[in-house]
>>> print(open('upload.cif').read())   # mmCIF, C-alpha atoms
data_protein
#
loop_
_atom_site.label_atom_id
_atom_site.label_comp_id
_atom_site.auth_asym_id
_atom_site.auth_seq_id
_atom_site.Cartn_x
_atom_site.Cartn_y
_atom_site.Cartn_z
CA MET A 1 202.69 75.85 78.64
CA THR A 2 202.08 75.12 75.02
CA ILE A 3 200.69 71.67 75.66
CA LEU A 4 197.39 72.21 77.29
CA GLN A 5 194.93 70.43 79.48
CA PRO A 6 191.90 69.08 77.58
CA PRO A 7 189.47 71.94 77.04
CA ALA A 8 186.24 71.97 79.01
CA SER A 9 182.76 72.02 77.58
CA PRO A 10 183.34 70.58 74.14
CA GLN A 11 180.41 70.36 71.79
CA LEU A 12 181.78 68.19 69.09
CA GLU A 13 180.80 67.68 65.48
CA GLN A 14 182.51 64.30 65.44
CA PRO A 15 183.40 61.96 68.30
CA LEU A 16 186.78 61.95 70.02
CA LYS A 17 186.29 59.13 72.50
CA LEU A 18 184.52 55.80 72.21
CA THR A 19 183.61 53.34 74.94
CA VAL A 20 183.57 49.81 73.57
CA SER A 21 181.50 47.38 75.59
CA PHE A 22 183.34 44.52 73.95
CA THR A 23 181.44 41.56 75.37
CA ALA A 24 178.79 40.57 77.87
CA ALA A 25 180.69 37.38 78.66
CA CYS A 26 182.25 37.27 82.11
CA ASN A 27 183.80 34.77 84.46
CA LEU A 28 182.20 36.46 87.47
CA ALA A 29 178.53 36.93 88.40
CA CYS A 30 178.42 40.31 90.14
CA ARG A 31 175.27 41.11 92.04
CA HIS A 32 175.23 44.69 90.76
CA CYS A 33 176.50 44.01 87.22
CA TYR A 34 175.49 46.87 84.91
CA ALA A 35 175.78 44.66 81.83
CA ARG A 36 173.77 41.69 83.15
CA CYS A 37 176.64 39.53 82.04
CA ASN A 38 175.99 35.96 81.03
CA GLU A 39 172.23 36.44 80.77
CA ALA A 40 170.82 35.27 77.45
CA LYS A 41 170.55 38.21 75.05
CA GLY A 42 169.21 36.34 72.04
CA ARG A 43 171.59 37.78 69.47
CA PRO A 44 175.25 37.31 68.66
CA GLU A 45 177.96 39.72 69.76
CA LEU A 46 180.09 41.41 67.14
CA THR A 47 182.85 39.20 65.81
CA ALA A 48 186.46 40.34 65.79
CA GLU A 49 186.15 41.08 62.09
CA GLN A 50 183.04 43.20 62.69
CA TRP A 51 184.73 45.02 65.56
CA ARG A 52 187.71 45.81 63.34
CA ARG A 53 185.42 47.32 60.75
CA VAL A 54 183.44 49.34 63.30
CA LEU A 55 186.50 50.57 65.19
CA GLY A 56 188.28 51.41 61.95
CA GLU A 57 185.24 53.41 60.92
CA ALA A 58 185.26 55.16 64.29
CA MET A 59 188.92 56.13 63.88
CA GLU A 60 188.16 57.44 60.40
CA ALA A 61 185.42 59.52 62.01
CA GLY A 62 187.92 61.05 64.41
CA VAL A 63 187.96 58.81 67.47
CA ILE A 64 191.39 59.07 69.09
CA SER A 65 190.66 57.46 72.45
CA PHE A 66 189.11 54.07 73.22
CA TYR A 67 187.89 52.70 76.54
CA PHE A 68 187.19 48.97 76.45
CA GLU A 69 185.01 47.26 79.01
CA GLY A 70 182.72 44.28 79.28
CA GLY A 71 181.59 42.01 80.63
CA GLU A 72 185.11 40.87 81.07
CA PRO A 73 186.87 41.73 77.82
CA PHE A 74 189.71 39.27 78.42
CA ALA A 75 187.12 36.49 78.54
CA ARG A 76 187.12 36.68 74.75
CA THR A 77 190.19 35.18 73.17
CA ASP A 78 190.16 37.68 70.30
CA PHE A 79 190.42 40.70 72.58
CA LEU A 80 194.19 41.14 72.28
CA GLU A 81 193.85 41.11 68.51
CA ILE A 82 191.42 44.02 68.74
CA LEU A 83 193.67 45.90 71.16
CA GLY A 84 196.54 45.45 68.73
CA PHE A 85 194.38 46.85 65.94
CA VAL A 86 193.62 50.15 67.70
CA ALA A 87 196.35 50.82 70.27
CA ARG A 88 198.94 52.23 67.86
CA ARG A 89 196.47 54.70 66.43
CA ALA A 90 194.47 55.79 69.47
CA LEU A 91 194.84 56.04 73.22
CA THR A 92 193.58 52.70 74.48
CA ARG A 93 192.42 51.93 77.99
CA VAL A 94 190.83 48.75 79.33
CA ARG A 95 188.50 48.04 82.24
CA THR A 96 188.72 44.50 83.63
CA ASN A 97 187.94 42.50 86.74
CA GLY A 98 191.61 41.46 86.70
CA THR A 99 191.02 37.81 87.50
CA LEU A 100 192.28 36.52 84.15
CA MET A 101 195.40 38.70 84.20
CA THR A 102 198.72 36.88 84.34
CA VAL A 103 202.26 38.18 84.03
CA ASP A 104 202.38 36.89 80.46
CA LEU A 105 199.09 38.56 79.54
CA ALA A 106 200.18 41.79 81.24
CA ARG A 107 203.35 41.71 79.14
CA ARG A 108 201.29 41.35 75.97
CA VAL A 109 198.93 44.12 77.04
CA LYS A 110 201.95 46.34 77.49
CA SER A 111 203.50 45.33 74.20
CA VAL A 112 200.42 46.07 72.09
CA GLY A 113 200.44 49.63 73.46
CA VAL A 114 197.60 49.80 75.98
CA ALA A 115 197.95 53.06 77.91
CA SER A 116 196.39 51.99 81.20
CA VAL A 117 194.15 49.39 82.78
CA TYR A 118 191.24 49.94 85.17
CA VAL A 119 190.60 47.12 87.62
CA ASP A 120 187.38 46.75 89.61
CA LEU A 121 187.38 45.89 93.27
CA MET A 122 183.99 45.44 94.93
CA GLY A 123 185.33 45.86 98.43
CA ALA A 124 188.64 46.04 100.27
CA ARG A 125 188.15 42.68 101.94
CA PRO A 126 187.92 39.22 100.38
CA ASP A 127 184.54 38.38 101.87
CA THR A 128 182.91 41.58 100.60
CA HIS A 129 184.44 41.36 97.15
CA ASP A 130 183.67 37.67 96.72
CA TRP A 131 180.11 38.20 97.98
CA PHE A 132 179.58 40.73 95.19
CA THR A 133 181.24 38.66 92.47
CA GLY A 134 179.71 35.35 93.52
CA VAL A 135 183.08 33.67 93.01
CA GLU A 136 185.15 32.59 95.96
CA GLY A 137 188.80 33.52 95.59
CA SER A 138 188.13 36.27 93.05
CA PHE A 139 189.48 38.96 95.40
CA GLU A 140 192.89 37.32 95.53
CA ARG A 141 192.93 36.80 91.78
CA THR A 142 192.02 40.43 91.15
CA CYS A 143 194.80 41.61 93.47
CA GLU A 144 197.23 39.30 91.67
CA GLY A 145 196.09 40.80 88.38
CA VAL A 146 196.88 44.32 89.59
CA ARG A 147 200.31 43.18 90.76
CA ALA A 148 201.02 41.52 87.40
CA LEU A 149 200.09 44.66 85.47
CA GLU A 150 202.19 46.90 87.70
CA ARG A 151 205.11 44.51 87.48
CA GLU A 152 205.03 44.76 83.69
CA GLY A 153 204.80 48.54 83.75
CA VAL A 154 201.14 48.93 82.82
CA PRO A 155 199.65 51.81 84.81
CA VAL A 156 196.67 50.66 86.86
CA THR A 157 193.73 52.56 88.23
CA THR A 158 191.66 50.62 90.74
CA LEU A 159 187.92 51.24 90.75
CA ILE A 160 185.28 50.77 93.37
CA VAL A 161 181.57 51.43 93.04
CA LEU A 162 180.35 52.89 96.31
CA THR A 163 177.53 50.82 97.81
CA ARG A 164 175.98 50.24 101.21
CA GLN A 165 177.99 47.02 101.52
CA ASN A 166 181.43 48.57 100.97
CA ALA A 167 180.91 52.11 102.28
CA GLY A 168 182.86 51.29 105.43
CA GLN A 169 185.82 49.99 103.42
CA ILE A 170 186.64 52.89 101.11
CA GLN A 171 189.61 54.04 103.19
CA GLU A 172 190.87 50.45 103.19
CA PHE A 173 190.33 50.36 99.43
CA LEU A 174 192.61 53.37 98.99
CA GLU A 175 195.28 51.79 101.16
CA LEU A 176 194.94 48.45 99.42
CA SER A 177 195.25 50.12 96.02
CA HIS A 178 198.35 51.97 97.13
CA GLY A 179 199.84 48.78 98.53
CA LEU A 180 199.17 46.90 95.28
CA GLY A 181 201.11 49.52 93.38
CA ALA A 182 198.22 51.30 91.64
CA LYS A 183 198.93 54.87 90.58
CA GLU A 184 195.33 55.92 90.86
CA ALA A 185 192.20 54.82 92.66
CA ALA A 186 188.73 55.91 91.65
CA ILE A 187 185.55 55.88 93.67
CA LEU A 188 182.52 55.67 91.44
CA ARG A 189 178.85 56.25 92.06
CA LEU A 190 176.33 53.45 91.64
CA TYR A 191 174.33 53.64 88.42
CA PRO A 192 170.70 52.47 88.17
CA ILE A 193 171.20 50.00 85.35
CA GLY A 194 171.47 46.24 85.02
CA ARG A 195 171.31 44.19 88.19
CA ALA A 196 172.04 47.29 90.27
CA ARG A 197 168.71 48.68 89.04
CA GLU A 198 166.85 45.51 90.04
CA SER A 199 168.29 45.56 93.57
CA TRP A 200 168.76 49.30 93.91
CA ALA A 201 167.35 49.69 97.43
CA ARG A 202 169.72 47.03 98.69
CA PHE A 203 172.87 48.76 97.42
CA ALA A 204 172.12 52.48 97.28
CA LEU A 205 173.04 55.14 99.83
CA THR A 206 171.56 58.57 100.37
CA LEU A 207 173.54 61.40 98.87
CA ASN A 208 174.48 62.59 102.37
CA GLU A 209 175.82 59.14 103.21
CA GLN A 210 177.86 59.17 100.00
CA MET A 211 179.25 62.62 100.73
CA ASP A 212 180.15 61.61 104.28
CA VAL A 213 182.19 58.68 102.97
CA LEU A 214 184.10 60.90 100.56
CA ALA A 215 184.65 63.66 103.12
CA GLY A 216 186.22 61.28 105.61
CA LEU A 217 188.90 59.89 103.34
CA ARG A 218 192.64 60.34 103.85
CA HIS A 219 194.50 59.95 100.59
CA PRO A 220 197.66 57.83 100.82
CA LYS A 221 200.68 59.81 99.72
CA GLY A 222 201.48 59.22 96.08
CA LEU A 223 198.08 57.78 95.18
CA LYS A 224 195.90 59.91 92.94
CA VAL A 225 192.29 59.62 94.05
CA MET A 226 189.43 60.31 91.69
CA GLN A 227 185.73 60.49 92.39
CA SER A 228 182.74 61.08 90.18
CA TRP A 229 180.65 63.46 92.27
CA HIS A 230 180.44 67.27 92.41
CA PRO A 231 182.54 69.23 91.52
CA ASN A 232 183.89 66.54 89.22
CA ASN A 233 180.60 65.85 87.62
CA GLY A 234 182.01 65.51 84.14
CA ASN A 235 180.19 62.73 82.44
CA CYS A 236 180.66 61.09 79.15
CA CYS A 237 177.26 61.04 77.57
CA TRP A 238 177.46 64.70 76.61
CA GLN A 239 180.23 64.26 74.06
CA MET A 240 181.23 60.63 74.27
CA ALA A 241 180.26 57.70 72.14
CA ALA A 242 179.69 54.08 73.11
CA VAL A 243 178.86 50.83 71.36
CA ASN A 244 177.54 47.74 73.11
CA PRO A 245 178.54 44.11 72.35
CA TRP A 246 175.81 43.81 69.70
CA GLY A 247 176.74 46.97 67.85
CA ASP A 248 174.13 49.35 69.23
CA SER A 249 175.34 52.93 69.42
CA ILE A 250 174.32 54.08 72.90
CA GLY A 251 176.28 57.29 73.48
CA CYS A 252 177.51 56.33 76.92
CA ALA A 253 177.73 52.96 78.65
CA TYR A 254 175.54 54.31 81.46
CA LEU A 255 172.79 55.11 78.95
CA ARG A 256 172.65 51.52 77.72
CA GLU A 257 169.12 50.88 78.97
CA PHE A 258 167.70 54.24 77.98
CA VAL A 259 168.75 54.92 74.38
CA ASN A 260 169.69 53.23 71.13
CA TYR A 261 170.85 55.53 68.34
CA GLY A 262 171.07 52.73 65.79
CA ASN A 263 173.11 49.63 65.11
CA VAL A 264 176.53 50.19 63.60
CA LEU A 265 176.34 46.97 61.59
CA SER A 266 173.51 48.41 59.52
CA THR A 267 173.94 52.17 60.05
CA PRO A 268 177.17 54.13 59.59
CA PHE A 269 178.66 55.05 62.94
CA LEU A 270 178.59 58.77 62.17
CA GLU A 271 174.93 58.56 61.23
CA THR A 272 174.13 57.21 64.70
CA TRP A 273 176.20 60.07 66.18
CA ARG A 274 173.87 62.47 64.38
CA HIS A 275 170.67 60.94 65.78
CA PRO A 276 168.34 63.79 66.86
CA LEU A 277 168.27 62.76 70.53
CA TYR A 278 172.03 62.35 70.60
CA ARG A 279 172.45 65.84 69.15
CA GLU A 280 170.00 67.16 71.71
CA LEU A 281 171.98 65.65 74.59
CA ARG A 282 175.24 67.05 73.23
CA ALA A 283 173.67 70.49 73.11
CA GLY A 284 173.60 70.45 76.92
CA ARG A 285 170.14 71.94 77.38
CA VAL A 286 169.02 71.34 80.98
CA ASP A 287 166.56 73.20 83.14
CA HIS A 288 169.16 74.03 85.74
CA SER A 289 172.79 73.19 86.25
CA CYS A 290 175.55 73.32 88.79
CA GLY A 291 177.76 76.34 88.23
CA GLU A 292 180.90 74.81 89.64
CA CYS A 293 180.59 71.54 87.70
CA SER A 294 179.73 73.46 84.56
CA ARG A 295 182.74 75.74 84.94
CA ARG A 296 185.16 72.90 85.69
CA GLU A 297 183.72 70.12 83.56
CA GLY A 298 181.35 71.77 81.14
CA THR A 299 178.56 69.35 81.88
CA HIS A 300 175.68 71.77 82.45
CA GLY A 301 173.71 69.50 84.74
CA GLY A 302 175.65 66.32 85.26
CA CYS A 303 175.05 62.77 84.19
CA ARG A 304 172.14 62.21 81.79
CA ALA A 305 171.67 58.59 82.81
CA THR A 306 170.98 59.36 86.46
CA ALA A 307 169.04 62.52 85.60
CA PHE A 308 166.79 60.49 83.30
CA ALA A 309 166.49 57.59 85.75
CA PHE A 310 165.27 59.78 88.60
CA HIS A 311 163.28 62.39 86.64
CA GLY A 312 162.22 60.59 83.47
CA ARG A 313 163.30 63.47 81.20
CA TRP A 314 166.47 64.44 79.42
CA ASP A 315 166.67 68.08 80.47
CA ALA A 316 166.53 67.31 84.21
CA PRO A 317 169.38 67.92 86.66
CA ASP A 318 171.56 65.12 88.00
CA PRO A 319 170.41 64.27 91.56
CA PHE A 320 173.86 62.92 92.48
CA ASP A 321 175.12 66.50 92.44
CA GLU A 322 174.46 68.14 95.83
CA PRO A 323 173.38 71.55 94.48
CA LEU A 324 170.97 69.83 92.07
CA ASN A 325 169.59 67.08 94.30
CA ASP A 326 166.41 68.94 95.33
CA GLY A 327 165.69 66.57 98.20
CA ILE A 328 165.64 63.38 96.14
CA ASP A 329 166.31 60.25 98.21
CA LEU A 330 168.81 58.34 96.09
CA ARG A 331 167.90 55.08 97.79
CA GLU A 332 164.54 55.06 96.01
CA LEU A 333 164.19 54.70 92.27
CA PRO A 334 160.97 55.91 90.65
CA GLY A 335 158.40 53.16 90.19
CA TRP A 336 158.69 53.12 86.39
CA MET A 337 162.40 52.34 86.68
CA LEU A 338 161.59 49.20 88.62
CA GLN A 339 158.84 48.09 86.26
CA GLU A 340 160.13 48.81 82.78
CA SER A 341 161.55 46.33 80.34
CA GLN A 342 165.16 45.82 81.28
CA GLY A 343 166.74 45.26 77.88
CA PRO A 344 168.20 47.87 75.56
CA GLN A 345 165.59 49.90 73.71
CA THR A 346 165.12 49.34 70.01
CA GLU A 347 164.42 52.99 69.39
CA ALA A 348 165.98 56.03 70.99
CA GLY A 349 164.48 58.12 73.68
CA SER A 350 161.79 55.97 75.16
CA MET B 1 222.93 71.64 68.57
CA ASN B 2 221.75 75.23 68.48
CA TYR B 3 218.02 75.53 68.02
CA ARG B 4 218.58 77.35 64.71
CA ASP B 5 220.54 74.46 63.23
CA GLY B 6 219.13 71.45 61.43
CA CYS B 7 215.49 70.92 60.70
CA TYR B 8 212.36 69.94 62.53
CA ARG B 9 209.86 67.26 61.66
CA LYS B 10 206.93 65.57 63.35
CA ALA B 11 207.87 62.33 65.06
CA LYS B 12 206.95 59.22 63.12
CA GLY B 13 203.67 57.64 64.15
CA LEU B 14 202.06 60.77 65.57
CA ARG B 15 198.34 60.95 64.99
CA LEU B 16 196.78 64.39 64.81
CA ARG B 17 193.07 64.84 65.40
CA PRO B 18 192.02 68.42 64.63
CA VAL B 19 189.16 69.65 66.83
CA PRO B 20 188.12 72.89 65.13
CA GLU B 21 185.10 73.25 67.43
CA LEU B 22 187.57 73.86 70.25
CA LYS B 23 190.20 75.65 68.19
CA ALA B 24 192.57 72.89 69.20
CA CYS B 25 194.30 69.79 67.96
CA CYS B 26 194.59 66.53 69.88
CA VAL B 27 197.80 64.59 69.30
CA PHE B 28 198.37 60.90 70.09
CA THR B 29 201.86 59.52 70.69
CA PRO B 30 201.80 55.71 70.30
CA TRP B 31 205.30 55.00 71.64
CA GLU B 32 204.28 56.38 75.03
CA PRO B 33 200.50 56.16 74.79
CA ARG B 34 199.33 59.64 75.60
CA LEU B 35 197.16 62.49 74.31
CA TYR B 36 198.33 66.10 74.08
CA TRP B 37 196.08 69.09 73.45
CA LEU B 38 197.50 71.91 71.35
CA ASN B 39 196.04 75.40 71.02
CA LEU B 40 195.91 77.10 67.63
CA ASN B 41 199.42 78.55 67.78
CA ALA B 42 200.97 75.29 68.93
CA TRP B 43 199.01 73.41 66.29
CA LEU B 44 200.38 75.80 63.65
CA ALA B 45 203.93 75.29 64.89
CA LEU B 46 203.54 71.51 64.76
CA GLU B 47 202.17 71.62 61.21
CA LEU B 48 205.16 73.74 60.17
CA CYS B 49 207.51 71.03 61.43
CA ASP B 50 207.48 69.10 58.17
CA GLY B 51 211.24 68.79 57.79
CA ALA B 52 211.69 72.54 57.49
CA THR B 53 214.57 74.56 58.90
CA TRP B 54 214.14 76.90 61.87
CA THR B 55 214.26 79.89 59.54
CA SER B 56 211.52 78.51 57.35
CA ILE B 57 209.33 77.63 60.35
CA GLU B 58 209.91 81.07 61.84
CA VAL B 59 208.87 82.78 58.61
CA GLY B 60 205.69 80.72 58.43
CA TYR B 61 204.88 81.28 62.10
CA LEU B 62 205.42 85.03 62.04
CA ASP B 63 203.50 85.32 58.82
CA ALA B 64 200.47 83.73 60.46
CA THR B 65 200.66 85.34 63.91
CA CYS B 66 202.03 88.88 63.36
CA PRO B 67 200.10 91.05 63.68
CA PRO B 68 198.50 91.04 66.18
CA MET B 69 201.47 89.44 67.94
CA LEU B 70 204.74 91.35 67.99
CA PRO B 71 207.53 89.56 66.07
CA ARG B 72 209.79 89.40 69.11
CA ARG B 73 207.08 87.78 71.18
CA ALA B 74 206.16 85.39 68.38
CA ARG B 75 209.79 84.24 68.02
CA ALA B 76 210.04 83.61 71.76
CA GLN B 77 206.74 81.75 71.78
CA LEU B 78 207.77 79.62 68.83
CA ARG B 79 211.05 78.71 70.43
CA ALA B 80 209.35 77.73 73.70
CA THR B 81 206.77 75.73 71.78
CA LEU B 82 209.37 73.74 69.87
CA GLU B 83 211.26 73.09 73.09
CA ASP B 84 208.04 71.71 74.58
CA PHE B 85 207.53 69.56 71.48
CA MET B 86 211.07 68.21 71.67
CA ALA B 87 210.68 67.41 75.37
CA ALA B 88 207.40 65.60 74.70
CA GLY B 89 208.83 63.77 71.68
CA LEU B 90 206.33 65.27 69.26
CA VAL B 91 209.09 66.66 67.05
CA GLU B 92 212.42 65.23 65.96
CA ARG B 93 215.53 66.99 64.68
CA PRO B 94 217.43 65.01 62.10
CA GLU B 95 221.07 66.11 61.81
CA SER B 96 220.53 68.00 58.59
CA PRO B 97 217.76 68.75 56.11
CA ALA B 98 219.52 66.40 53.68
CA GLN B 99 218.65 63.47 55.93
CA GLU B 100 215.04 64.27 55.43
CA LEU B 101 215.30 63.75 51.65
#
>>> encode(input="upload.cif", output="structure tokens")
Amino acid sequence: MTILQPPASPQLEQPLKLTVSFTAACNLACRHCYARCNEAKGRPELTAEQWRRVLGEAMEAGVISFYFEGGEPFARTDFLEILGFVARRALTRVRTNGTLMTVDLARRVKSVGVASVYVDLMGARPDTHDWFTGVEGSFERTCEGVRALEREGVPVTTLIVLTRQNAGQIQEFLELSHGLGAKEAAILRLYPIGRARESWARFALTLNEQMDVLAGLRHPKGLKVMQSWHPNNGNCCWQMAAVNPWGDSIGCAYLREFVNYGNVLSTPFLETWRHPLYRELRAGRVDHSCGECSRREGTHGGCRATAFAFHGRWDAPDPFDEPLNDGIDLRELPGWMLQESQGPQTEAGS
Amino acid sequence: MNYRDGCYRKAKGLRLRPVPELKACCVFTPWEPRLYWLNLNAWLALELCDGATWTSIEVGYLDATCPPMLPRRARAQLRATLEDFMAAGLVERPESPAQEL
């Protein structure tokens, strides 16, 4: 075929993909929220005008794919305007909790050119989901949101973050997703950031427990199932870019509490991309890596956020990858992770 | 229409993002939001589709790829590539070159 699959192992001079953490506002209050939504941050989020400037600059720099997330991006009334600004010039995907999605909104999401929408479920049952979100009835509203998107022809991928509380519901999650009309369902690992970091021991499973859940799954016919563990250990921080709601360039949304390459309101986006630590991470230098993940995904050692969280250094292997785990109990974060300041760093590479 | 007739041009609204580090070009199609990855030869073929006729594209393609590629193989590859482009909507064929003007 002439038209190829994306090449593996890119080491890019300029960014291709940008995650936009559009807002920290949210209508839910998830117990394991990575973004600590609705907690006072003490500084204003980027306005729509500022986002247009930053995203325009990113497209000039070569970004051709955007992934929007929050918070809940649809909680901001100017979000559709921003989608309309980028979606005709770059592949545009959105992650949402789905509760604000209506048929009318889904129609507008489709019409501005959004390629696909990712909807989070916290469990396959109302009580589990609503326990996580802290909002009674949110499960039903999320399911309605998925239905509305599918009805309007917007491809949906459902997401679930694997935790101790929902580990017994992952098969049900796949069946629920299929029943709602989703084309894809993705099972994601838990990341040690935000409120998940604070309550890590409560939510986290051992790696063996995680692998057992994945191994026992039966995939409903016609539903594509994705998962973010070995040998699919491709992770974004190597070559991706990300900007948080306040304009900090953080490389990857999962690195939000570990790095800050500069603020794009005061520093050109490409200058933050060339930050020495960012360049070092893109170089992919790790002390040992997983051959299969490296061959398939080009990641040379897996996710930098979890490697740094468990080892405290940037060239460490990712303990969520079985061949690289080295006996680490993923239920226990290192002491410094539980004690450190929780907010984004003001300088890179603490 | 025979593949030798008419001319070939990139579809309106395509966005090309060269990725020289990977010897590839990433192409975005806004009407059906999707990314395509092209290798060097496919990227060349797409760039040659600027309203040119088949003959002109063929000359440009063979000039850049032969040698080392044999002309017969290059012609076959070019034809398959343009068929892929047409199927994916990356390239359009106006009825005649005059329409392009």
>>> resolve_selection(input="upload.cif", expression="the PyMOL selection byres ((chain A and resi 337) around 10)", output="list in words")
Pro192, Ile193, Arg197, Glu198, Phe308, Ala309, Phe310, Gly312, Glu332, Leu333, Pro334, Gly335, Trp336, Leu338, Gln339, Glu340, Ser341 and Gln342 of chain A
>>> interface_residues(input="upload.cif", of="chain B", to="chain A", cutoff="12 Å", atoms="only C-alpha atoms", output="VMD selection string")
chain B and resid 12 to 46 77 to 88 90
>>> residues_around(input="upload.cif", residues="Asp318 (chain A)", least_positions_apart="3", cutoff="12 Å", atoms="all atoms listed in the file", output="CSV table (one decimal) with C-alpha atoms, keeping the file's coordinate frame")
chain,number,residue,atom,x,y,z
A,191,TYR,CA,174.3,53.6,88.4
A,207,LEU,CA,173.5,61.4,98.9
A,229,TRP,CA,180.6,63.5,92.3
A,230,HIS,CA,180.4,67.3,92.4
A,233,ASN,CA,180.6,65.8,87.6
A,234,GLY,CA,182.0,65.5,84.1
A,235,ASN,CA,180.2,62.7,82.4
A,286,VAL,CA,169.0,71.3,81.0
A,287,ASP,CA,166.6,73.2,83.1
A,288,HIS,CA,169.2,74.0,85.7
A,289,SER,CA,172.8,73.2,86.2
A,290,CYS,CA,175.6,73.3,88.8
A,293,CYS,CA,180.6,71.5,87.7
A,299,THR,CA,178.6,69.4,81.9
A,300,HIS,CA,175.7,71.8,82.4
A,301,GLY,CA,173.7,69.5,84.7
A,302,GLY,CA,175.6,66.3,85.3
A,303,CYS,CA,175.0,62.8,84.2
A,304,ARG,CA,172.1,62.2,81.8
A,305,ALA,CA,171.7,58.6,82.8
A,306,THR,CA,171.0,59.4,86.5
A,307,ALA,CA,169.0,62.5,85.6
A,308,PHE,CA,166.8,60.5,83.3
A,309,ALA,CA,166.5,57.6,85.8
A,310,PHE,CA,165.3,59.8,88.6
A,311,HIS,CA,163.3,62.4,86.6
A,312,GLY,CA,162.2,60.6,83.5
A,313,ARG,CA,163.3,63.5,81.2
A,314,TRP,CA,166.5,64.4,79.4
A,315,ASP,CA,166.7,68.1,80.5
A,321,ASP,CA,175.1,66.5,92.4
A,322,GLU,CA,174.5,68.1,95.8
A,323,PRO,CA,173.4,71.6,94.5
A,324,LEU,CA,171.0,69.8,92.1
A,325,ASN,CA,169.6,67.1,94.3
A,326,ASP,CA,166.4,68.9,95.3
A,327,GLY,CA,165.7,66.6,98.2
A,328,ILE,CA,165.6,63.4,96.1
A,330,LEU,CA,168.8,58.3,96.1
>>> resolve_selection(input="upload.cif", expression="the PyMOL selection byres ((chain A and resi 73) around 12)", output="ChimeraX atom specification")
/A:20-28,37,67-72,74-83,93-101,117-119,245
>>> closest_residue(input="upload.cif", among="A:Arg52, A:Trp131, A:Ala148, A:His219", to="Asp104 (chain A)", atoms="only C-alpha atoms")
A:Ala148
>>> resolve_selection(input="upload.cif", expression="the PyMOL selection byres ((chain B and resi 53) around 7)", output="list in words")
Gly6, Cys7, Tyr8, Gly51, Ala52, Trp54, Thr55, Ser56 and Ile57 of chain B
>>> atom_distance(input="upload.cif", atom1="CA of Pro94 (chain B)", atom2="CA of Arg9 (chain B)")
7.9 Å
>>> atom_distance(input="upload.cif", atom1="CA of Asn38 (chain A)", atom2="CA of Phe132 (chain A)")
15.4 Å
>>> atom_distance(input="upload.cif", atom1="CA of Asn260 (chain A)", atom2="CA of Val243 (chain A)")
9.5 Å
>>> closest_residue(input="upload.cif", among="B:Asp5, B:Glu58, B:Glu92, B:Asp50", to="Arg73 (chain B)", atoms="all atoms listed in the file")
B:Glu58
>>> closest_residue(input="upload.cif", among="A:Leu223, A:Leu149, A:Leu55, A:Ala124", to="Leu176 (chain A)", atoms="all atoms listed in the file")
A:Ala124
>>> residues_near_point(input="upload.cif", point="(197.3, 55.5, 94.4)", cutoff="7 Å", atoms="all atoms listed in the file", output="list of chain:residue names")
A:Leu174, A:Ser177, A:His178, A:Ala182, A:Lys183, A:Glu184, A:Ala185, A:Pro220, A:Gly222, A:Leu223, A:Lys224, A:Val225
>>> residues_around(input="upload.cif", residues="Asn208 (chain A)", least_positions_apart="4", cutoff="10 Å", atoms="all atoms listed in the file", output="PDB file with C-alpha atoms, keeping the file's coordinate frame")
ATOM      1  CA  ASP A 212     180.150  61.610 104.280  1.00  0.00           C
ATOM      2  CA  VAL A 213     182.190  58.680 102.970  1.00  0.00           C
ATOM      3  CA  LEU A 214     184.100  60.900 100.560  1.00  0.00           C
ATOM      4  CA  PHE A 320     173.860  62.920  92.480  1.00  0.00           C
ATOM      5  CA  GLU A 322     174.460  68.140  95.830  1.00  0.00           C
ATOM      6  CA  ASP A 329     166.310  60.250  98.210  1.00  0.00           C
ATOM      7  CA  LEU A 330     168.810  58.340  96.090  1.00  0.00           C
TER       8      LEU A 330
END
>>> closest_residue(input="upload.cif", among="A:Ala29, A:Ile160, A:Cys252, A:Ala106", to="Gly145 (chain A)", atoms="only C-alpha atoms")
A:Ala106
>>> closest_residue(input="upload.cif", among="A:Glu175, A:Met226, A:Arg31, A:Pro276", to="Phe203 (chain A)", atoms="all atoms listed in the file")
A:Arg31
